[in-house]
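Structure, as structure tokens:
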Amino acid sequence: MAETGAEQDGKGQALAARLRRNRWLLGVGVLAILAVYFFAGASVYVPVLALVVLTAAAMLPTDAGRQPADTGAAIEASGLQRLSGEYLAAAVADPLIIFDHSATIVHANAAAFAAFGGLAPGMSLSLKFRAPEMQALLDGILSGQVAADAVDYTEKLPVERTYRVSASTVGHATGLYVLVFKDQSETRRIDRMRADFIANASHELRTPLASIAGFIETLRGPARNDPAARDQFLQIMQNQTGRMARLIDDLLSLSRLEMKPYLKPGTEVDLRQTIDSVIDSLGPLASENGVVIEREFANGQLVVPGDRDELFQVFENLLENACKYGQSGGRVTVSIAGSEDGQQPGFDVTIRDYGPGIAEEHIPRITERFYRVDVESSRTQKGTGLGLSIVKHILTRHNARLSIKSEVGKGAAFTVHLPAR
């Protein structure tokens, strides 16, 4: 049966309404893509995925005859808009929260749940993030600014994390906004570490330089014609230059290790042979300090993957410290034993002294650069404050770890846990 003019007009109007709705939906979607992509720094796959979703949504059929048509289209558009927003949020690696004009959460991605926890649709952002800087950011974006200035926000618990937070609108017609959190914690930590390192290194170099400069001035003045004083001052100057040379060598070693901390060695090391060589090389130092070195090695093959020179440096540093700082105990025990660390077979190398020990509050920080339990004792023993930091970096490179047990008055035990082949 031929269609009447009225029926044709009705179908034409329905088609026109559908096209208008699809254009409106696509426009909102494009704005959402641009806003999230720009502020979240996502990969190129985010807009590709979002465009596929939006195109599929735009092609969905509608029942033009259902009344009221505008209300049905609005409901459908709202659902598709939320779906596309959730796809975009899930594709962003950084914590991302979508909220409405009343600062109420509409959606949060998995990264936001992991970072902040306790997020749910319908929750008030103003109550969740009470910091003044976050309140100012929310007020700024909700007051009509296209993109409020980013702020720094620090989350104290469970661990301290610092974020750079930016907010933007997802198109004025949608009434939705996006909050993106860029984690700056590692960058800030590295900046602080670099500043502390420069301050400590300059201080450690300044002391011997000032000492040498003072002795030179004395030798050119009052001690010019005093042979005894001249010999004494020259010996002190030689000791100070040696200290600076050791410090520079340790700084260079630490710098090389930090440049390639995760480069795993490809060779194998015989622990028995390596530690025997370390003990032999430190024999004169042990005798000078009145220390006897005892061996307690397990039977069988004691082979681990690693770099021999680097592991030699680890055990040399630990044994040298035991001979110097634990000399009052009169002996040092070096033992090698098999271990099952987390169901992974390996070996534990323990270097134990019987000296004064280390107070408990110092143990967590003892591997920090330039950290010393006793500054005067360390400098007397010609320490640079970098030895245990170098040990930690080498063990990280070998997928190994260091544990320290000590009791004041009963000595200290440093154990290196190494994975087997």
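So you can find residues: chains in the structure tokens are A, B, ... in the order shown, residues in each start at 1, and ligands are numbered from 1 in order.
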Identify, on the basis of only C-alpha atoms, every residue whose closest approach to Leu395 in chain A does not exceed 9 Å; exclude the query and any residue fewer than 6 positions from it along the same chain; express the result as a list in words.
-> Glu310, Leu311, Val314, Arg401, Leu402, Val416, His417 and Leu418 of chain A
Could you give me the residues within range 193-304 of chain A that DSSP places in strand (DSSP E or B), as a count of residues only?
-> 11
Counting only C-alpha atoms, figure out which residue out of A:Val391, A:Ala114, A:Val278, A:Ala103 gets nearest to Ser253 in chain A.
->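 Going through A:Val391, A:Ala114, A:Val278, A:Ala103 one by one, the smallest distance to Ser253 in chain A is for A:Val391.
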Write out as a list in words which residues come within 10 Å of Leu282 in chain A when counting only C-alpha atoms, dropping same-chain ones fewer than 2 positions away.
-> Ser277, Val278, Ile279, Asp280, Pro284, Leu285, Ala286, Ser287, Glu288, Ile293, Glu316, Leu319, Glu320 and Cys323 of chain A
Identify, on the basis of only C-alpha atoms, every residue whose closest approach to Gly338 in chain A does not exceed 9 Å; exclude the query and any residue fewer than 4 positions from it along the same chain; express the result as a VMD selection string.
-> chain A and resid 298 302 345 to 349
Could you write out the selected residues, including all heavy atoms, as a short mmCIF file (atom, residue, chain, number, x, y, z; two decimals), in the first residue's frame?
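Result file follows (again-v4.cif):
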data_model
loop_
_atom_site.label_atom_id
_atom_site.label_comp_id
_atom_site.auth_asym_id
_atom_site.auth_seq_id
_atom_site.Cartn_x
_atom_site.Cartn_y
_atom_site.Cartn_z
N ALA A 298 79.22 -24.01 54.19
CA ALA A 298 78.47 -25.24 53.91
C ALA A 298 79.23 -26.08 52.89
O ALA A 298 80.07 -25.58 52.13
CB ALA A 298 77.08 -24.89 53.40
N LEU A 302 78.71 -23.89 45.91
CA LEU A 302 78.14 -22.63 46.39
C LEU A 302 78.23 -21.61 45.26
O LEU A 302 79.03 -20.68 45.29
CB LEU A 302 78.91 -22.14 47.63
CG LEU A 302 79.02 -23.12 48.79
CD1 LEU A 302 79.90 -22.55 49.89
CD2 LEU A 302 77.64 -23.47 49.34
N PRO A 345 65.32 -21.21 46.22
CA PRO A 345 66.59 -21.65 46.81
C PRO A 345 67.69 -20.61 46.63
O PRO A 345 67.72 -19.90 45.62
CB PRO A 345 66.91 -22.94 46.05
CG PRO A 345 66.17 -22.80 44.76
CD PRO A 345 64.93 -22.03 45.07
N GLY A 346 68.56 -20.55 47.60
CA GLY A 346 69.65 -19.58 47.52
C GLY A 346 70.64 -19.80 48.64
O GLY A 346 70.65 -20.87 49.28
N PHE A 347 71.47 -18.80 48.91
CA PHE A 347 72.50 -18.89 49.94
C PHE A 347 72.47 -17.63 50.80
O PHE A 347 72.23 -16.53 50.30
CB PHE A 347 73.89 -19.07 49.32
CG PHE A 347 74.04 -20.35 48.54
CD1 PHE A 347 73.96 -20.35 47.16
CD2 PHE A 347 74.25 -21.56 49.20
CE1 PHE A 347 74.09 -21.52 46.44
CE2 PHE A 347 74.39 -22.73 48.49
CZ PHE A 347 74.31 -22.72 47.10
N ASP A 348 72.71 -17.83 52.09
CA ASP A 348 72.85 -16.72 53.03
C ASP A 348 74.31 -16.61 53.45
O ASP A 348 74.88 -17.58 53.97
CB ASP A 348 71.99 -16.95 54.28
CG ASP A 348 70.50 -16.85 53.98
OD1 ASP A 348 70.15 -16.34 52.90
OD2 ASP A 348 69.70 -17.28 54.82
N VAL A 349 74.89 -15.46 53.19
CA VAL A 349 76.26 -15.19 53.62
C VAL A 349 76.18 -14.21 54.79
O VAL A 349 75.71 -13.08 54.62
CB VAL A 349 77.11 -14.61 52.48
CG1 VAL A 349 78.53 -14.35 52.96
CG2 VAL A 349 77.10 -15.53 51.27
#
Find the residues near range 206-223 of chain A: any atom within 7 Å, counting only C-alpha atoms, skip ones fewer than 3 places away on the same chain, and give them as a ChimeraX atom specification.
-> /A:202-203,226,229-230,233,237,240
Where does DSSP see helix (DSSP H, G or I) in range 193-383 of chain A, if you list the residues as a VMD selection string?
-> chain A and resid 193 to 220 227 to 259 271 to 281 283 to 288 308 to 325 327 to 329 360 to 365 375 to 380
Correct to one decimal, the distance CA of Gly385 in chain A-CA of Ser335 in chain A is 25.3 Å
Pick out the closest residue to Asp276 in chain A from this set: A:Val291, A:Val334, A:Ala359, A:Leu318. Count only C-alpha atoms.
-> A:Val334
Contact residues around Tyr153 in chain A with only C-alpha atoms at 12 Å, ignoring same-chain residues under 6 positions, as number ranges by chain = A: 129-137, 160-166, 180-185
Quick one: write out the picked residues with C-alpha atoms as a PDB file, in the first residue's frame?
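Writing done, so here's result_1.pdb:
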ATOM      1  CA  PHE A 129      39.178  15.766  49.591  1.00  0.00           C
ATOM      2  CA  ARG A 130      39.060  18.364  52.354  1.00  0.00           C
ATOM      3  CA  ALA A 131      42.438  20.008  51.688  1.00  0.00           C
ATOM      4  CA  PRO A 132      42.100  23.762  50.972  1.00  0.00           C
ATOM      5  CA  GLU A 133      43.907  23.455  47.636  1.00  0.00           C
ATOM      6  CA  MET A 134      41.437  20.804  46.453  1.00  0.00           C
ATOM      7  CA  GLN A 135      38.469  22.892  47.575  1.00  0.00           C
ATOM      8  CA  ALA A 136      39.865  25.868  45.641  1.00  0.00           C
ATOM      9  CA  LEU A 137      40.335  23.701  42.534  1.00  0.00           C
ATOM     10  CA  GLU A 160      52.680   9.766  51.728  1.00  0.00           C
ATOM     11  CA  ARG A 161      51.966  10.428  48.041  1.00  0.00           C
ATOM     12  CA  THR A 162      52.041  13.752  46.196  1.00  0.00           C
ATOM     13  CA  TYR A 163      49.814  14.391  43.179  1.00  0.00           C
ATOM     14  CA  ARG A 164      49.539  17.156  40.601  1.00  0.00           C
ATOM     15  CA  VAL A 165      45.780  17.553  40.192  1.00  0.00           C
ATOM     16  CA  SER A 166      44.064  19.184  37.216  1.00  0.00           C
ATOM     17  CA  VAL A 180      42.981  13.872  36.970  1.00  0.00           C
ATOM     18  CA  PHE A 181      45.731  13.013  39.495  1.00  0.00           C
ATOM     19  CA  LYS A 182      49.353  12.810  38.270  1.00  0.00           C
ATOM     20  CA  ASP A 183      51.562  11.012  40.806  1.00  0.00           C
ATOM     21  CA  GLN A 184      54.632  13.170  41.519  1.00  0.00           C
ATOM     22  CA  SER A 185      55.896  11.213  44.553  1.00  0.00           C
TER      23      SER A 185
END
Tell me which of A:Gly175, A:Gly122, A:Gly117, A:Gly387 sits closest to Gly144 in chain A, counting only C-alpha atoms.
->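 Of A:Gly175, A:Gly122, A:Gly117, A:Gly387, the one nearest Gly144 in chain A, counting only C-alpha atoms, is A:Gly175.
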